[in-house]
Structure formats: structure tokens, C-alpha cells
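*Asks:* What follows is a structure written as C-alpha cells; I'll ask about it next.
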Amino acid sequence: SSGRVHPNVIELTEGHLIAFMRSRRADWIYSSESKDWGNTWSVPKPTPLPNNNSSISAIKLQSGRIAIAYNHSSAPSSYTNKGAWPGLRCPVSIALSEDGGQTFPVIRHIERGEGYAGDQNRFNNRQYEYPFLMQTRDGMLHVAYAYQTRRG
């Protein structure tokens, strides 16, 4: 696939859904909306959040806000006309939206990693990827993600 994949669907109000998707082009997180319980969807559009073709986890919080855990990075623009799997998989970040996923004014980088030393550097790159986000009854947000070095 070279498009938008692995949607996370959230019900904003009764019958009004929003889906957030990773992009195989490694450019942005995309969103699409449905106002008829998912029978029809809008054309996916980029959000303001970068995405490097890595998994995302989007949930609706108890407050009604939307939270997304993701890698806050994207591929160089030369990659974006096709599917791309760039090497950078950090930082792990959480973004919050108060307007149903239209804007994300609050972004926190929770695991910055050690930086990016080039795709071919198999020793210094670390990957923090495949985040999973949840909120417990006490209101706390918890995120789990995979960690590995390029050495394995």
C-alpha cells in the first residue's frame, strides 16, 4: 500500500466519526471524517502532525479531547511521492486536540531518543515505535511503545 493505512477511529458525537491514519508517504498523520456512522468518509487530509510511516494510537479522553501518540518526525520531501520507510523512529510524542482533531496545540515529547545519526548508522540509532495509548479511570494517560537499537 502506498496511501493512508491503519486507521484509529474515534466517535466525536453520535454518528460523527473521525479516523486518524499513518501515511505510507512518511509525511503527515491524515484524518478523515464521517457523519453517517462510517457509511461514507471524507477524502483524507493532512493534520499538522508529522508522521514517518510509523504507527499511531489515537483515543478520545474522558474530557472529550483527542490524544494521539506518535513519532514526531517525517521523511525528507524527496520521499513523499511514494511509499517510504525512513530510519528515524523517535521522538515518541503525545499531541492533544480540543477541537475534534482539527488542531493540536499541545505536543509533548515523552521519549526523545538519542537523535538521528543517518540511515546507515546501525549502532547509534535507537527506535521507539508502535505506541499504544490508554487512559485509566483516574484520568492518567499511559503509553507503551517498542524500543530497540539498530543492533537488535
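Please note that chains go A, B, ... in the order of the C-alpha cells, that every chain numbers its residues from 1, and that ligands are numbered from 1 in the order shown.
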Taking the DSSP secondary structure from the backbone, can you list the residues of stretch 16-120 of chain A that are strand (DSSP E), as a PyMOL selection string?
*Replies:* chain A and resi 16-23+28-34+45-50+57-60+66-71+92-97+106-111
*Asks:* Residues near A:Ser57, anyone? I mean within 12 Å using only C-alpha atoms, not counting same-chain ones fewer than 3 positions away, as a PDB file with C-alpha atoms, in the first residue's frame.
*Replies:*
```pdb
ATOM      1  CA  HIS A   6      -4.161   1.568   9.898  1.00  0.00           C
ATOM      2  CA  PRO A   7      -6.962   3.951  10.890  1.00  0.00           C
ATOM      3  CA  ASN A   8      -7.755   4.752  14.509  1.00  0.00           C
ATOM      4  CA  VAL A   9     -11.475   5.615  14.598  1.00  0.00           C
ATOM      5  CA  ILE A  10     -12.958   7.859  17.295  1.00  0.00           C
ATOM      6  CA  ALA A  19     -10.247   8.411  11.648  1.00  0.00           C
ATOM      7  CA  PHE A  20      -6.550   9.168  12.041  1.00  0.00           C
ATOM      8  CA  MET A  21      -4.145   7.275   9.770  1.00  0.00           C
ATOM      9  CA  ARG A  22      -0.450   6.844   9.264  1.00  0.00           C
ATOM     10  CA  ILE A  29      -0.831  11.926  10.045  1.00  0.00           C
ATOM     11  CA  SER A  54       5.093   4.647  11.811  1.00  0.00           C
ATOM     12  CA  LYS A  60     -10.871  10.187  22.946  1.00  0.00           C
ATOM     13  CA  ILE A  66      -8.364  13.724  21.499  1.00  0.00           C
ATOM     14  CA  ALA A  67      -4.889  12.408  22.268  1.00  0.00           C
ATOM     15  CA  ILE A  68      -2.534  10.878  19.709  1.00  0.00           C
ATOM     16  CA  ALA A  69       0.723   9.063  20.480  1.00  0.00           C
ATOM     17  CA  TYR A  70       3.091   9.015  17.500  1.00  0.00           C
ATOM     18  CA  ASN A  71       6.647   9.588  16.263  1.00  0.00           C
ATOM     19  CA  VAL A  92       7.688   9.447  20.814  1.00  0.00           C
ATOM     20  CA  SER A  93       5.225  12.277  21.341  1.00  0.00           C
ATOM     21  CA  ILE A  94       1.671  12.877  22.526  1.00  0.00           C
ATOM     22  CA  ALA A  95      -0.477  15.573  20.917  1.00  0.00           C
ATOM     23  CA  GLU A 129       7.887   2.888  17.795  1.00  0.00           C
ATOM     24  CA  TYR A 130       4.401   1.326  17.721  1.00  0.00           C
ATOM     25  CA  PRO A 131       2.948   3.404  20.571  1.00  0.00           C
ATOM     26  CA  PHE A 132      -0.221   2.358  22.351  1.00  0.00           C
ATOM     27  CA  LEU A 133      -2.102   4.981  24.352  1.00  0.00           C
ATOM     28  CA  MET A 134      -4.766   4.497  27.014  1.00  0.00           C
ATOM     29  CA  GLN A 135      -6.426   6.471  29.783  1.00  0.00           C
ATOM     30  CA  HIS A 142      -0.336   5.684  29.813  1.00  0.00           C
ATOM     31  CA  VAL A 143       1.712   4.985  26.718  1.00  0.00           C
ATOM     32  CA  ALA A 144       3.617   1.834  25.854  1.00  0.00           C
ATOM     33  CA  TYR A 145       5.924   1.511  22.866  1.00  0.00           C
TER      34      TYR A 145
END
```
*Asks:* At what distance in Å, to one decimal, does atom CA of A:Ile107 lie from atom CA of A:Gly15?
*Replies:*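 Atom-to-atom, atom CA of A:Gly15 to atom CA of A:Ile107, that is 28.0 Å.
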*Asks:* Taking 3 positions as the minimum chain separation for residues in the same chain, which residues sit within 8 Å of A:Leu49 when counting only C-alpha atoms? Answer as a list in words.
*Replies:*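 Skipping anything fewer than 3 positions along the chain leaves Trp28, Ile29, Pro46, His72 and Phe104 of chain A.
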*Asks:* Mind dumping the selected residues with N, CA and C atoms as a PDB file, in the first residue's frame?
*Replies:*
```pdb
ATOM      1  N   TRP A  28       2.711  13.075   6.901  1.00  0.00           N
ATOM      2  CA  TRP A  28       1.836  13.587   7.945  1.00  0.00           C
ATOM      3  C   TRP A  28       0.923  12.480   8.458  1.00  0.00           C
ATOM      4  N   ILE A  29       0.331  12.701   9.628  1.00  0.00           N
ATOM      5  CA  ILE A  29      -0.831  11.926  10.045  1.00  0.00           C
ATOM      6  C   ILE A  29      -2.015  12.523   9.292  1.00  0.00           C
ATOM      7  N   PRO A  46      -4.221  16.002   5.434  1.00  0.00           N
ATOM      8  CA  PRO A  46      -3.140  16.006   6.419  1.00  0.00           C
ATOM      9  C   PRO A  46      -3.508  16.816   7.655  1.00  0.00           C
ATOM     10  N   HIS A  72       7.100  11.968  16.211  1.00  0.00           N
ATOM     11  CA  HIS A  72       7.027  13.340  15.690  1.00  0.00           C
ATOM     12  C   HIS A  72       8.185  13.598  14.719  1.00  0.00           C
ATOM     13  N   PHE A 104      -3.822  20.726  16.991  1.00  0.00           N
ATOM     14  CA  PHE A 104      -3.157  20.042  18.107  1.00  0.00           C
ATOM     15  C   PHE A 104      -2.191  21.024  18.773  1.00  0.00           C
TER      16      PHE A 104
END
```
*Asks:* Under the rule that only C-alpha atoms are counted, which of A:Cys90, A:Ala26, A:Ile110, A:Ile56 is the nearest residue to A:Ala75?
*Replies:* A:Ala26
*Asks:* Considering only C-alpha atoms, can you say which of A:Leu12, A:Ser32, A:Asn52, A:Tyr128 comes closest to A:Glu98?
*Replies:* A:Leu12
*Asks:* What separation in Å, quoted to one decimal, exists between atom CA of A:Leu61 and atom CA of A:Thr13?
*Replies:*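 So the answer is 13.1 Å.
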